[in-house]
Structures are given as C-alpha cells and as structure tokens.
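K.L.:
To be precise about what I am sending: the file is called run-v8.csv and holds CSV, C-alpha atoms and all ligand atoms.
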```
chain,number,residue,atom,x,y,z
A,14,MET,CA,15.3,19.2,6.0
A,15,ALA,CA,16.5,20.2,2.6
A,16,ALA,CA,15.2,17.0,1.0
A,17,ALA,CA,11.7,17.5,2.4
A,18,GLN,CA,11.6,21.1,1.2
A,19,GLU,CA,12.7,20.1,-2.2
A,20,ALA,CA,10.0,17.5,-2.3
A,21,ALA,CA,7.4,19.9,-1.3
A,22,GLY,CA,8.5,22.4,-3.9
A,23,SER,CA,8.5,19.8,-6.7
A,24,SER,CA,5.0,18.5,-5.8
A,25,ALA,CA,3.7,22.1,-6.1
A,26,ALA,CA,5.2,22.3,-9.5
A,27,TYR,CA,3.6,19.0,-10.5
A,28,SER,CA,0.1,20.0,-9.5
A,29,VAL,CA,0.2,22.9,-11.9
A,30,ALA,CA,1.1,20.7,-14.9
A,31,MET,CA,-0.9,17.6,-14.0
A,32,PRO,CA,-1.6,15.4,-17.1
A,33,LEU,CA,-5.3,14.9,-18.0
A,34,ALA,CA,-5.1,11.1,-17.6
A,35,VAL,CA,-4.2,11.6,-14.0
A,36,GLU,CA,-7.0,14.2,-13.5
A,37,SER,CA,-9.6,11.6,-14.6
A,38,GLU,CA,-8.0,8.9,-12.4
A,39,LEU,CA,-8.1,11.3,-9.5
A,40,ASP,CA,-11.8,11.9,-10.1
A,41,ALA,CA,-12.4,8.1,-10.1
A,42,LEU,CA,-10.3,7.8,-6.8
A,43,ALA,CA,-12.2,10.7,-5.2
A,44,GLY,CA,-15.5,9.1,-6.3
A,45,VAL,CA,-14.7,5.7,-4.6
A,46,LEU,CA,-13.4,7.4,-1.4
A,47,GLY,CA,-16.2,10.0,-1.3
A,48,SER,CA,-18.9,7.4,-1.4
A,49,ALA,CA,-17.4,5.3,1.5
A,50,ARG,CA,-18.3,6.0,5.1
A,51,ASP,CA,-15.1,4.5,6.6
A,52,VAL,CA,-11.9,4.5,4.5
A,53,LEU,CA,-9.1,2.4,6.0
A,54,VAL,CA,-5.6,3.5,4.8
A,55,LEU,CA,-2.6,1.2,4.4
A,56,THR,CA,0.8,3.0,3.7
A,57,GLY,CA,4.2,1.7,2.8
A,58,ALA,CA,7.8,3.0,2.1
A,59,GLY,CA,6.7,5.1,-0.9
A,60,MET,CA,4.9,7.4,1.5
A,61,SER,CA,8.2,8.6,3.1
A,62,THR,CA,10.6,8.8,0.1
A,63,ASP,CA,9.7,12.5,-0.4
A,64,SER,CA,10.9,13.0,3.2
A,65,GLY,CA,14.4,11.7,2.2
A,66,ILE,CA,13.9,8.1,3.5
A,67,PRO,CA,14.8,5.8,0.6
A,68,ASP,CA,12.7,2.7,-0.3
A,69,TYR,CA,14.1,-0.8,0.1
A,70,ARG,CA,12.8,-1.5,-3.4
A,71,GLY,CA,13.1,0.6,-6.6
A,72,PRO,CA,10.2,1.4,-8.8
A,73,ASP,CA,10.8,-2.0,-10.5
A,74,GLY,CA,10.0,-3.7,-7.2
A,75,GLU,CA,13.5,-5.2,-6.9
A,76,ARG,CA,15.2,-5.1,-3.5
A,77,ARG,CA,18.1,-2.6,-3.5
A,78,VAL,CA,19.6,-3.3,0.0
A,79,THR,CA,19.8,-6.4,2.2
A,80,PRO,CA,18.0,-5.7,5.5
A,81,VAL,CA,19.0,-7.1,8.8
A,82,GLN,CA,17.6,-10.6,9.5
A,83,TYR,CA,16.0,-11.3,12.9
A,84,HIS,CA,17.7,-14.6,13.6
A,85,GLU,CA,21.2,-13.2,12.8
A,86,PHE,CA,20.5,-10.2,15.1
A,87,VAL,CA,19.5,-12.4,18.0
A,88,ARG,CA,22.3,-15.0,17.5
A,89,SER,CA,25.3,-12.7,17.1
A,90,ALA,CA,26.6,-10.0,19.5
A,91,ASP,CA,28.8,-8.9,16.6
A,92,MET,CA,25.8,-8.4,14.4
A,93,ARG,CA,24.1,-6.3,17.1
A,94,ARG,CA,27.2,-4.2,17.6
A,95,ARG,CA,27.3,-3.6,13.8
A,96,TYR,CA,23.6,-2.8,13.7
A,97,TRP,CA,23.7,-0.3,16.7
A,98,ALA,CA,26.9,1.4,15.5
A,99,ARG,CA,25.3,2.0,12.1
A,100,ALA,CA,21.9,2.9,13.6
A,101,PHE,CA,23.7,5.4,16.0
A,102,VAL,CA,25.1,7.3,13.0
A,103,GLY,CA,21.8,6.9,11.0
A,104,TRP,CA,19.8,8.3,13.9
A,105,ARG,CA,21.5,11.7,13.6
A,106,ARG,CA,19.8,12.1,10.3
A,107,PHE,CA,16.7,10.0,10.9
A,108,ALA,CA,15.7,12.1,14.0
A,109,THR,CA,15.6,15.3,11.9
A,110,VAL,CA,13.4,13.9,9.0
A,111,GLU,CA,10.1,15.7,8.6
A,112,ALA,CA,6.6,14.8,7.3
A,113,ASN,CA,6.0,15.6,3.6
A,114,ALA,CA,3.1,17.0,1.6
A,115,GLY,CA,1.5,13.5,1.3
A,116,HIS,CA,1.5,13.0,5.1
A,117,ASP,CA,0.0,16.5,5.6
A,118,ALA,CA,-2.7,15.7,3.0
A,119,ILE,CA,-3.7,12.5,4.8
A,120,ALA,CA,-4.0,14.3,8.1
A,121,ARG,CA,-6.1,16.9,6.4
A,122,LEU,CA,-8.4,14.3,4.8
A,123,GLN,CA,-8.7,12.5,8.2
A,124,THR,CA,-9.7,15.7,9.9
A,125,VAL,CA,-12.7,16.2,7.6
A,126,GLY,CA,-13.7,12.5,8.0
A,127,ALA,CA,-12.8,11.5,4.4
A,128,LEU,CA,-10.2,9.0,5.7
A,129,GLY,CA,-10.3,6.8,8.8
A,130,ALA,CA,-7.6,4.8,10.6
A,131,VAL,CA,-4.1,4.4,9.1
A,132,ILE,CA,-2.2,1.1,9.1
A,133,THR,CA,1.4,1.9,8.2
A,134,GLN,CA,4.3,-0.4,7.3
A,135,ASN,CA,6.7,2.5,8.0
A,136,VAL,CA,8.6,2.8,11.3
A,137,ASP,CA,9.4,6.5,11.0
A,138,GLY,CA,6.5,8.1,12.9
A,139,LEU,CA,5.9,10.6,10.2
A,140,HIS,CA,2.1,10.1,10.0
A,141,GLN,CA,1.8,11.1,13.7
A,142,ALA,CA,4.3,13.9,13.2
A,143,ALA,CA,1.8,15.3,10.5
A,144,GLY,CA,-1.0,15.1,13.1
A,145,THR,CA,-2.7,11.9,11.9
A,146,ARG,CA,-4.6,10.0,14.6
A,147,ASP,CA,-5.5,6.3,14.9
A,148,VAL,CA,-2.2,5.1,13.4
A,149,VAL,CA,-1.3,1.4,13.8
A,150,GLU,CA,2.4,0.9,13.3
A,151,LEU,CA,2.3,-2.6,11.8
A,152,HIS,CA,6.1,-3.1,11.8
A,153,GLY,CA,6.7,-1.1,15.1
A,154,THR,CA,8.6,2.1,15.6
A,155,LEU,CA,12.2,3.2,15.6
A,156,ALA,CA,11.4,5.7,18.4
A,157,MET,CA,11.3,2.8,20.9
A,158,VAL,CA,13.7,0.1,22.0
A,159,VAL,CA,12.9,-3.3,23.6
A,160,CYS,CA,15.1,-5.7,25.6
A,161,LEU,CA,14.8,-9.2,24.3
A,162,ALA,CA,16.0,-10.6,27.7
A,163,CYS,CA,13.6,-8.9,30.1
A,164,GLY,CA,11.1,-7.3,27.8
A,165,ALA,CA,11.6,-3.8,29.2
A,166,PRO,CA,10.7,-1.0,26.7
A,167,SER,CA,12.7,2.2,26.6
A,168,ARG,CA,12.9,5.3,24.4
A,169,ARG,CA,15.4,5.4,21.5
A,170,ALA,CA,16.3,9.0,22.4
A,171,SER,CA,17.5,7.9,25.9
A,172,LEU,CA,19.5,5.0,24.3
A,173,ASP,CA,21.0,7.5,22.0
A,174,ALA,CA,22.2,9.7,24.9
A,175,ARG,CA,23.7,6.7,26.7
A,176,THR,CA,25.4,5.6,23.5
A,177,ARG,CA,26.9,9.0,23.0
A,178,GLU,CA,28.4,8.9,26.6
A,179,LEU,CA,29.9,5.5,25.9
A,180,ASN,CA,31.3,6.5,22.5
A,181,PRO,CA,32.5,10.1,22.9
A,182,HIS,CA,35.0,9.9,19.9
A,183,PHE,CA,32.7,8.0,17.6
A,184,ALA,CA,32.1,10.2,14.6
A,185,PRO,CA,32.4,8.4,11.3
A,186,GLY,CA,31.0,11.3,9.3
A,187,ASP,CA,28.1,11.5,6.8
A,188,ARG,CA,27.1,8.3,5.0
A,189,GLU,CA,24.1,7.2,3.0
A,190,LEU,CA,20.9,6.8,5.0
A,191,ARG,CA,19.0,3.5,4.6
A,192,PRO,CA,15.3,2.8,4.9
A,193,ASP,CA,15.6,1.4,8.4
A,194,GLY,CA,17.7,4.3,9.7
A,195,ASP,CA,20.8,2.2,9.2
A,196,ILE,CA,24.0,3.4,7.5
A,197,GLU,CA,27.1,1.9,5.9
A,198,LEU,CA,30.2,1.9,8.2
A,199,ALA,CA,33.8,0.8,7.9
A,200,GLU,CA,34.8,-2.4,9.9
A,201,GLY,CA,37.2,-0.4,12.1
A,202,ASP,CA,34.5,2.0,13.2
A,203,VAL,CA,32.2,-0.9,14.1
A,204,ALA,CA,34.9,-2.8,16.1
A,205,ARG,CA,35.5,0.1,18.5
A,206,PHE,CA,31.8,0.8,19.1
A,207,VAL,CA,30.4,0.2,22.6
A,208,VAL,CA,26.7,-1.0,22.7
A,209,PRO,CA,24.9,0.2,25.9
A,210,PRO,CA,23.3,-2.5,28.0
A,211,CYS,CA,19.6,-2.7,28.9
A,212,PRO,CA,18.9,-0.1,31.7
A,213,SER,CA,16.7,-2.6,33.5
A,214,CYS,CA,18.6,-6.0,33.4
A,215,GLY,CA,22.0,-5.2,32.0
A,216,SER,CA,21.6,-7.5,29.0
A,217,ASP,CA,23.2,-6.6,25.6
A,218,LEU,CA,20.0,-7.9,23.8
A,219,LEU,CA,18.5,-4.5,23.0
A,220,LYS,CA,16.6,-4.4,19.7
A,221,PRO,CA,14.7,-1.5,18.1
A,222,ASP,CA,11.0,-2.0,18.5
A,223,VAL,CA,10.5,-2.8,14.9
A,224,VAL,CA,9.6,-6.1,13.1
A,225,PHE,CA,12.8,-7.3,11.4
A,226,PHE,CA,12.8,-9.5,8.3
A,227,GLY,CA,12.3,-13.1,9.3
A,228,GLU,CA,10.2,-12.0,12.3
A,229,SER,CA,6.4,-12.0,12.6
A,230,VAL,CA,4.1,-9.1,13.4
A,231,PRO,CA,2.7,-9.6,17.0
A,232,LYS,CA,-0.6,-11.4,16.9
A,233,PRO,CA,-2.7,-8.7,18.8
A,234,ARG,CA,-1.5,-6.1,16.2
A,235,VAL,CA,-2.6,-8.3,13.3
A,236,THR,CA,-6.0,-8.9,15.0
A,237,ALA,CA,-6.5,-5.2,15.5
A,238,CYS,CA,-5.7,-4.5,11.8
A,239,CYS,CA,-8.1,-7.3,10.7
A,240,ARG,CA,-10.9,-5.7,12.8
A,241,LEU,CA,-10.2,-2.3,11.1
A,242,THR,CA,-10.3,-4.0,7.7
A,243,ASP,CA,-13.6,-5.7,8.6
A,244,ALA,CA,-15.2,-2.4,9.7
A,245,ALA,CA,-14.1,-0.4,6.6
A,246,ASP,CA,-16.1,0.4,3.5
A,247,ALA,CA,-13.0,0.9,1.4
A,248,LEU,CA,-9.3,0.3,1.5
A,249,LEU,CA,-6.8,2.9,0.2
A,250,VAL,CA,-3.2,1.6,-0.3
A,251,LEU,CA,-0.5,4.3,-0.6
A,252,GLY,CA,3.1,3.8,-1.6
A,253,SER,CA,3.4,0.0,-1.2
A,254,SER,CA,4.3,-2.7,-3.7
A,255,LEU,CA,2.6,-5.1,-1.2
A,256,ARG,CA,5.4,-7.6,-1.7
A,257,VAL,CA,5.5,-8.2,2.1
A,258,TYR,CA,2.6,-10.5,3.2
A,259,SER,CA,2.1,-8.6,6.5
A,260,GLY,CA,0.4,-5.7,4.6
A,261,TYR,CA,-0.8,-7.7,1.6
A,262,ARG,CA,-3.1,-9.9,3.8
A,263,PHE,CA,-5.3,-6.9,4.5
A,264,VAL,CA,-5.7,-6.2,0.8
A,265,ARG,CA,-6.8,-9.8,0.3
A,266,ARG,CA,-9.2,-9.6,3.2
A,267,ALA,CA,-10.7,-6.4,1.8
A,268,ALA,CA,-11.1,-8.0,-1.6
A,269,GLU,CA,-12.7,-11.1,-0.1
A,270,ARG,CA,-15.2,-8.8,1.7
A,271,GLY,CA,-16.0,-7.2,-1.6
A,272,ILE,CA,-15.2,-3.6,-0.6
A,273,PRO,CA,-13.4,-1.3,-3.1
A,274,VAL,CA,-9.6,-1.3,-3.0
A,275,ALA,CA,-7.8,1.8,-4.3
A,276,ILE,CA,-4.0,1.7,-4.9
A,277,VAL,CA,-1.7,4.6,-5.5
A,278,THR,CA,1.9,3.7,-5.8
A,279,ARG,CA,4.9,3.9,-8.2
A,280,GLY,CA,5.5,0.7,-10.2
A,281,PRO,CA,3.7,-2.7,-10.0
A,282,SER,CA,1.9,-3.8,-6.8
A,283,ARG,CA,0.8,-7.3,-5.8
A,284,GLY,CA,-2.7,-5.9,-5.2
A,285,ASP,CA,-3.2,-4.7,-8.8
A,286,PRO,CA,-5.5,-7.7,-9.8
A,287,VAL,CA,-8.1,-6.7,-7.1
A,288,ALA,CA,-7.8,-2.9,-7.4
A,289,THR,CA,-11.0,-1.0,-8.1
A,290,VAL,CA,-8.9,2.2,-8.9
A,291,ARG,CA,-5.2,2.1,-9.7
A,292,LEU,CA,-2.9,5.1,-10.0
A,293,ASP,CA,0.8,4.9,-10.9
A,294,ALA,CA,1.6,8.4,-9.8
A,295,ALA,CA,3.6,10.4,-7.2
A,296,LEU,CA,1.9,10.6,-3.8
A,297,GLY,CA,3.3,14.1,-3.4
A,298,GLN,CA,1.1,15.0,-6.4
A,299,VAL,CA,-2.0,12.8,-5.9
A,300,LEU,CA,-2.6,13.3,-2.1
A,301,PRO,CA,-2.7,17.1,-2.0
A,302,ALA,CA,-4.9,17.1,-5.1
A,303,LEU,CA,-7.2,14.6,-3.5
A,304,ALA,CA,-7.4,16.7,-0.3
A,305,ASP,CA,-8.3,19.7,-2.5
A,306,ARG,CA,-11.2,17.6,-3.9
A,307,LEU,CA,-12.5,16.0,-0.7
A,308,ALA,CA,-11.4,18.4,2.1
A,309,ALA,CA,-11.9,21.7,0.5
A,401,ZN,ZN,16.6,-6.1,29.9
```
Written as structure tokens, that's how I'd like the structure from this file.
Ligand SMILES: [Zn+2]

P.N.:
Amino acid sequence: MAAAQEAAGSSAAYSVAMPLAVESELDALAGVLGSARDVLVLTGAGMSTDSGIPDYRGPDGERRVTPVQYHEFVRSADMRRRYWARAFVGWRRFATVEANAGHDAIARLQTVGALGAVITQNVDGLHQAAGTRDVVELHGTLAMVVCLACGAPSRRASLDARTRELNPHFAPGDRELRPDGDIELAEGDVARFVVPPCPSCGSDLLKPDVVFFGESVPKPRVTACCRLTDAADALLVLGSSLRVYSGYRFVRRAAERGIPVAIVTRGPSRGDPVATVRLDAALGQVLPALADRLAA
C-alpha cells in the first residue's frame, strides 16, 4: 500500500537525523530489555498507524470517532446492517493493509530472543503478517466472524464473498477508513444492503470476532495474558495510551510484581507513573533502531 511505503520511507529519513535525546533514551530502553530474559510486549493502535490504520484517539488521548457499542449491535438488526454495510466497504481497504517497519522490527527482535510473546489490542493481524509468533489477540481478530446465536466461527473472507453475491450492485466508492475497518456510508446505501445469514443456523446475528466497546474480553484469554505477565522479566508497551482497562491491567500487574515497565508511545499514557523507561517518539523510528542495537 502507498501509505505503508510512505511510512517506511519516512522512518528511514528519521533514523538518519535522530535527536540526541532520543539516542540516550534508546540506550536506556535497550539496557532494560537487554538485561531481561523474557520481555513481554503489549501493543496498541499506535503500532498500526504507519500501516494506514488510524487511531481511535489522537496524540492528545481524546477519542476522535464513536465506536460501535456491543449492546446496540446485539439489540438492533438495523445497527447490524449498518455495521456490515460499512465493514463490507472498509474490508476492501483493510484486507490490503500491510505490516510496517515497526512490526518487522518486533519480528526481528523476537527471532533473536530479545522479545518474547506479544499481547496486542489490535484486530488487524499485522504482527502475524510480519512473522511474529506467540501473539495473543486480546480484542480478537477482524479475520474471523462468530455467530451469536449458534456460536459457529467462520472466516471473514468467506462472509465477504457471500456478501458480494447478495449485493452485486453495492459500490459506494472510496470513503475514509476507520480503526475497526469500518467506514462512513450514506443512509440510502445502508438501507439497500443485504446482510448474509449465518452459514450454520441461518441467524442474522453474525458479529466480527472482535471485542466491541461495552463487551468484556473472554476470561480464558485474560487468564492466559496474566500468566504471560507473571512469567515475564520486563514489560514493553508500544503505541498505547492504556486508556482501556483490558490492556492497562497487565501494566498494573507488572508494576505490582516489581518488573521494569518500558513505554514507547506518542502522547500521554496511563502507565506513565509506573514506567521505568518512557519514550514519546515514533515507533517507526524507535523499533528499527532498537533492533539495530539488540538484534544486530
Ligand atoms: Zn449460527
């Protein structure tokens, strides 16, 4: 994608002219991570902005778009039609988004053993696309769909194919992509959109396999992440303001255990008071430089 290429180009330019303050902060970060045996990574929306996926929140931490609420989605067939119509259009773009220099650097650091498992709050699958293993998708994945009536899972790509068959003339054109793969559409476009039923039971209660706002992360997933936190020697937080409790709880847990917490993100983060190392810098700049230090 053009956006990813632009981002890769700009990060290369940054690393040439990196300010001295950032160099010394990078040394501190590399020191903390280099002396830990098992570094757990927690990533948020800031990880994927260089891939062309916008953040829900700006650098000031304020929310810029209103996400879909779980209870509205479950209660209202109109809301589900609106969601799937917009998601159908958004998927055209979302399916072509590629991993960026930051994702690549994490995969490289993991390969040499400098980083361990990755808990991500992102639903875009870009860590796995870059070759990173042991990824826990805390908020699920847009690549899968689940039926709320019968529980059957299915692939988003197959839902997309069935949606196209049912809506052969649905082509509202290019719109702005949102962080959840959603897109803005006119009311008329939404009204004529046909949502495919569940392939197993015929219900219209299909939902992307992602944790919506107002919904809880499944317990077994939280337990798995707590175990990872308890086994780690350090926690590295990348691209998250930690405003959402589902990710913040692992930072609190790490701090309670007394292990170092390193945070690299643009703007303020809720974990700042417990951070051992704190960098307010671009991930496309910091992560490749970190890989050069620790994975050379
Ligand atoms: Zn079903």

K.L.:
Sorted by chain and rising residue number, which residues of chain A lie within 8 Å of ligand ZN 401 (chain A), and what are their closest atom pairs and distances in Å to one decimal, counting all atoms listed in the file, as JSON lines?

P.N.:
```
{"residue": "A:Val159", "atom": "CA", "partner": "A:ZN401", "partner_atom": "ZN", "distance": 7.8}
{"residue": "A:Cys160", "atom": "CA", "partner": "A:ZN401", "partner_atom": "ZN", "distance": 4.6}
{"residue": "A:Leu161", "atom": "CA", "partner": "A:ZN401", "partner_atom": "ZN", "distance": 6.6}
{"residue": "A:Ala162", "atom": "CA", "partner": "A:ZN401", "partner_atom": "ZN", "distance": 5.0}
{"residue": "A:Cys163", "atom": "CA", "partner": "A:ZN401", "partner_atom": "ZN", "distance": 4.1}
{"residue": "A:Gly164", "atom": "CA", "partner": "A:ZN401", "partner_atom": "ZN", "distance": 6.0}
{"residue": "A:Ala165", "atom": "CA", "partner": "A:ZN401", "partner_atom": "ZN", "distance": 5.5}
{"residue": "A:Pro210", "atom": "CA", "partner": "A:ZN401", "partner_atom": "ZN", "distance": 7.8}
{"residue": "A:Cys211", "atom": "CA", "partner": "A:ZN401", "partner_atom": "ZN", "distance": 4.6}
{"residue": "A:Pro212", "atom": "CA", "partner": "A:ZN401", "partner_atom": "ZN", "distance": 6.7}
{"residue": "A:Ser213", "atom": "CA", "partner": "A:ZN401", "partner_atom": "ZN", "distance": 5.0}
{"residue": "A:Cys214", "atom": "CA", "partner": "A:ZN401", "partner_atom": "ZN", "distance": 4.0}
{"residue": "A:Gly215", "atom": "CA", "partner": "A:ZN401", "partner_atom": "ZN", "distance": 5.9}
{"residue": "A:Ser216", "atom": "CA", "partner": "A:ZN401", "partner_atom": "ZN", "distance": 5.3}
{"residue": "A:Asp217", "atom": "CA", "partner": "A:ZN401", "partner_atom": "ZN", "distance": 7.9}
{"residue": "A:Leu218", "atom": "CA", "partner": "A:ZN401", "partner_atom": "ZN", "distance": 7.2}
{"residue": "A:Leu219", "atom": "CA", "partner": "A:ZN401", "partner_atom": "ZN", "distance": 7.3}
```

K.L.:
List the spatial neighbours of region 140-150 of chain A as a VMD selection string - criterion: any atom at most 8 Å away, all atoms listed in the file, same-chain residues fewer than 5 positions off excluded.

P.N.:
chain A and resid 111 to 112 116 to 117 119 to 120 123 129 to 135 234 238

K.L.:
Could you check the closest approach to Arg99 (chain A) for each of A:Met60, A:Val287, A:Ile276, A:Ala204 and tell me which residue wins, using only C-alpha atoms?

P.N.:
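Between A:Met60, A:Val287, A:Ile276, A:Ala204, the residue approaching Arg99 (chain A) most closely is A:Ala204.
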
K.L.:
Identify which of the residues A:Gln298, A:Thr289, A:Ser89, A:Thr236 lies closest to Leu46 (chain A), counting all atoms listed in the file when measuring atom-to-atom distances.

P.N.:
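Smallest separation from Leu46 (chain A) among the options: A:Thr289.
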
K.L.:
Between A:Val250, A:Leu198, A:Val158, A:Val207, which is the closest to Leu179 (chain A) once you count only C-alpha atoms?

P.N.:
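Ranked by minimum distance to Leu179 (chain A), first place goes to A:Val207.
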